[in-house]
Amino acid sequence: MTDNITGEYRRHGRIEVVCGSMFSGKTEELIRRLKRAKFARQQVEIFKPAIDTRYSDADVVSHDQNSIPSTPIDSSASILLLAGENEVIGIDEAQFFDDGLIDVCNELANRGIRVIVAGLDMDFKGTPFGPIPALCSIADDVQKVHAICVKCGSQAYVSHRLVESDKRVLLGETHEYEPLCRECYKNVSKEEKTQTRNT
């Protein structure tokens, strides 16, 4: 906030993006930032896609079971309708939202709201995922967090899918996905292609 010429306070809006692979701590970081804002007595609202019911129908929950109450919604347009007078807006699993989320975040930031977005930047094939890449390009701050590769212990690059499915959106946990570095992902992909050809 800054003090303007009349002595009134004007908030500065901004967009912060926390992205990376699964098991990298994206939601954990989102919850940490939002809880700090609440502790500072700021008005906070958190949104998540209604399809994400893995741990809770309503709460945003990290893999470590830390949680914060949220509002499940079906489209990004609902965020503008429900933002109200909040000073901080959190958005989890943003990759599952429509591309309208980019304009929504810009609109909120232009209103003087701090917007904190968390989500996967790539899908299981290593392809840019949903609105996250575009949000990274317009964000005031981007933090890429990393899981640890389960094969070699290097920084993970992608969320490798362990189950057979070509669906881009497949909610899952450690039984369905594992974090892999670029080299291990390349090796596993080669093995899977060889197995497919031999069956």
# chains A, B, ... in the order shown; residues from 1 in each chain; ligands from 1

$ residues_around --residues "Gly13 in chain A" --least-positions-apart "2" --cutoff "12 Å" --atoms "only C-alpha atoms" --output "list in words"
Met1, Thr2, Arg10, Arg11, Ile15, Glu16, Asn86, Glu87, Val88, Ile89, Cys105, Asn106, Glu107, Leu108, Ala109, Asn110, Arg111, Gly112, Ile113, Arg114, Val115, Ile116, Ala139, Asp140 and Asp141 of chain A

$ write_last_selection --atoms "N, CA, C and O atoms" --output "compact mmCIF listing (two decimals), in the first residue's frame"
# COMPACT_ATOMS: atom_id res chain seq x y z
N MET A 1 0.83 -1.19 0.00
CA MET A 1 0.00 0.00 0.00
C MET A 1 0.87 1.25 0.00
O MET A 1 1.93 1.27 0.59
N THR A 2 0.39 2.29 -0.64
CA THR A 2 1.09 3.57 -0.60
C THR A 2 0.12 4.66 -0.17
O THR A 2 -1.08 4.55 -0.37
N ARG A 10 -3.76 3.30 -0.95
CA ARG A 10 -4.09 2.63 -2.20
C ARG A 10 -3.28 1.34 -2.29
O ARG A 10 -2.05 1.36 -2.13
N ARG A 11 -3.96 0.23 -2.51
CA ARG A 11 -3.26 -1.06 -2.58
C ARG A 11 -2.66 -1.25 -3.96
O ARG A 11 -3.22 -0.84 -4.96
N ILE A 15 0.39 -10.26 -9.31
CA ILE A 15 0.14 -11.68 -9.58
C ILE A 15 1.41 -12.45 -9.22
O ILE A 15 2.50 -12.11 -9.69
N GLU A 16 1.25 -13.45 -8.38
CA GLU A 16 2.35 -14.33 -8.00
C GLU A 16 2.00 -15.74 -8.45
O GLU A 16 0.89 -16.21 -8.19
N ASN A 86 -12.08 -8.63 -0.95
CA ASN A 86 -10.87 -9.30 -0.46
C ASN A 86 -9.61 -8.63 -0.98
O ASN A 86 -9.57 -8.13 -2.10
N GLU A 87 -8.59 -8.65 -0.13
CA GLU A 87 -7.30 -8.05 -0.48
C GLU A 87 -6.36 -9.06 -1.14
O GLU A 87 -5.46 -8.69 -1.88
N VAL A 88 -6.56 -10.33 -0.81
CA VAL A 88 -5.70 -11.40 -1.33
C VAL A 88 -6.59 -12.53 -1.86
O VAL A 88 -7.51 -12.98 -1.17
N ILE A 89 -6.31 -12.97 -3.08
CA ILE A 89 -7.04 -14.09 -3.69
C ILE A 89 -6.04 -15.21 -3.97
O ILE A 89 -5.01 -14.99 -4.63
N CYS A 105 -7.15 -12.89 -13.56
CA CYS A 105 -6.04 -12.52 -12.68
C CYS A 105 -5.57 -11.10 -12.96
O CYS A 105 -5.27 -10.33 -12.04
N ASN A 106 -5.50 -10.74 -14.24
CA ASN A 106 -5.11 -9.37 -14.61
C ASN A 106 -6.10 -8.36 -14.06
O ASN A 106 -5.71 -7.32 -13.52
N GLU A 107 -7.39 -8.66 -14.20
CA GLU A 107 -8.44 -7.76 -13.71
C GLU A 107 -8.33 -7.58 -12.20
O GLU A 107 -8.41 -6.46 -11.68
N LEU A 108 -8.14 -8.67 -11.48
CA LEU A 108 -8.01 -8.59 -10.02
C LEU A 108 -6.79 -7.78 -9.61
O LEU A 108 -6.86 -6.93 -8.72
N ALA A 109 -5.65 -8.03 -10.26
CA ALA A 109 -4.43 -7.29 -9.94
C ALA A 109 -4.60 -5.80 -10.23
O ALA A 109 -4.14 -4.95 -9.47
N ASN A 110 -5.30 -5.49 -11.33
CA ASN A 110 -5.54 -4.09 -11.68
C ASN A 110 -6.47 -3.40 -10.69
O ASN A 110 -6.47 -2.18 -10.58
N ARG A 111 -7.26 -4.20 -9.97
CA ARG A 111 -8.13 -3.65 -8.92
C ARG A 111 -7.37 -3.43 -7.61
O ARG A 111 -7.93 -2.96 -6.64
N GLY A 112 -6.10 -3.83 -7.58
CA GLY A 112 -5.31 -3.66 -6.37
C GLY A 112 -5.27 -4.89 -5.48
O GLY A 112 -4.91 -4.82 -4.32
N ILE A 113 -5.63 -6.04 -6.05
CA ILE A 113 -5.67 -7.29 -5.28
C ILE A 113 -4.40 -8.10 -5.53
O ILE A 113 -3.90 -8.18 -6.65
N ARG A 114 -3.88 -8.69 -4.47
CA ARG A 114 -2.75 -9.61 -4.58
C ARG A 114 -3.32 -10.97 -4.96
O ARG A 114 -4.13 -11.55 -4.23
N VAL A 115 -2.89 -11.52 -6.09
CA VAL A 115 -3.38 -12.81 -6.59
C VAL A 115 -2.24 -13.81 -6.52
O VAL A 115 -1.17 -13.60 -7.10
N ILE A 116 -2.48 -14.92 -5.81
CA ILE A 116 -1.46 -15.96 -5.68
C ILE A 116 -2.00 -17.23 -6.35
O ILE A 116 -3.04 -17.75 -5.94
N ALA A 139 2.92 -12.53 -14.80
CA ALA A 139 3.04 -12.43 -13.34
C ALA A 139 4.12 -11.44 -12.93
O ALA A 139 5.10 -11.22 -13.64
N ASP A 140 3.91 -10.83 -11.76
CA ASP A 140 4.93 -9.96 -11.17
C ASP A 140 6.05 -10.79 -10.56
O ASP A 140 7.19 -10.34 -10.46
N ASP A 141 5.70 -12.02 -10.14
CA ASP A 141 6.69 -12.88 -9.50
C ASP A 141 6.35 -14.34 -9.82
O ASP A 141 5.18 -14.73 -9.74

$ closest_residue --among "A:Arg14, A:Lys26, A:Ala37, A:Glu176" --to "Gln143 in chain A" --atoms "only C-alpha atoms"
A:Lys26

$ closest_residue --among "A:Ile31, A:Ile51, A:Ala40, A:Val163" --to "Tyr177 in chain A" --atoms "only C-alpha atoms"
A:Val163

$ closest_residue --among "A:Arg41, A:Arg161, A:His146, A:Lys48" --to "Ala94 in chain A" --atoms "only C-alpha atoms"
A:Lys48

$ atom_distance --atom1 "CA of Ile73 in chain A" --atom2 "CA of Tyr157 in chain A"
29.1 Å

$ atom_distance --atom1 "CA of Gly153 in chain A" --atom2 "CA of Glu178 in chain A"
12.2 Å

$ residues_around --residues "Ser159 in chain A" --least-positions-apart "4" --cutoff "6 Å" --atoms "only C-alpha atoms" --output "ChimeraX atom specification"
/A:21-22,124,178-179

$ select_by_dssp --residues "range 119-188 of chain A" --states "helix (DSSP H, G or I)" --output "ChimeraX atom specification"
/A:132-138,182-188

$ closest_residue --among "A:Val44, A:Ala134, A:Val158, A:Ala50" --to "Met122 in chain A" --atoms "only C-alpha atoms"
A:Val158

$ atom_distance --atom1 "CA of Phe47 in chain A" --atom2 "CA of Ile148 in chain A"
27.4 Å

$ select_by_dssp --residues "range 33-163 of chain A" --states "strand (DSSP E or B)" --output "ChimeraX atom specification"
/A:44-49,60-61,67-68,71-73,88-91,114-120,122,128,141-145,148,155,158-161
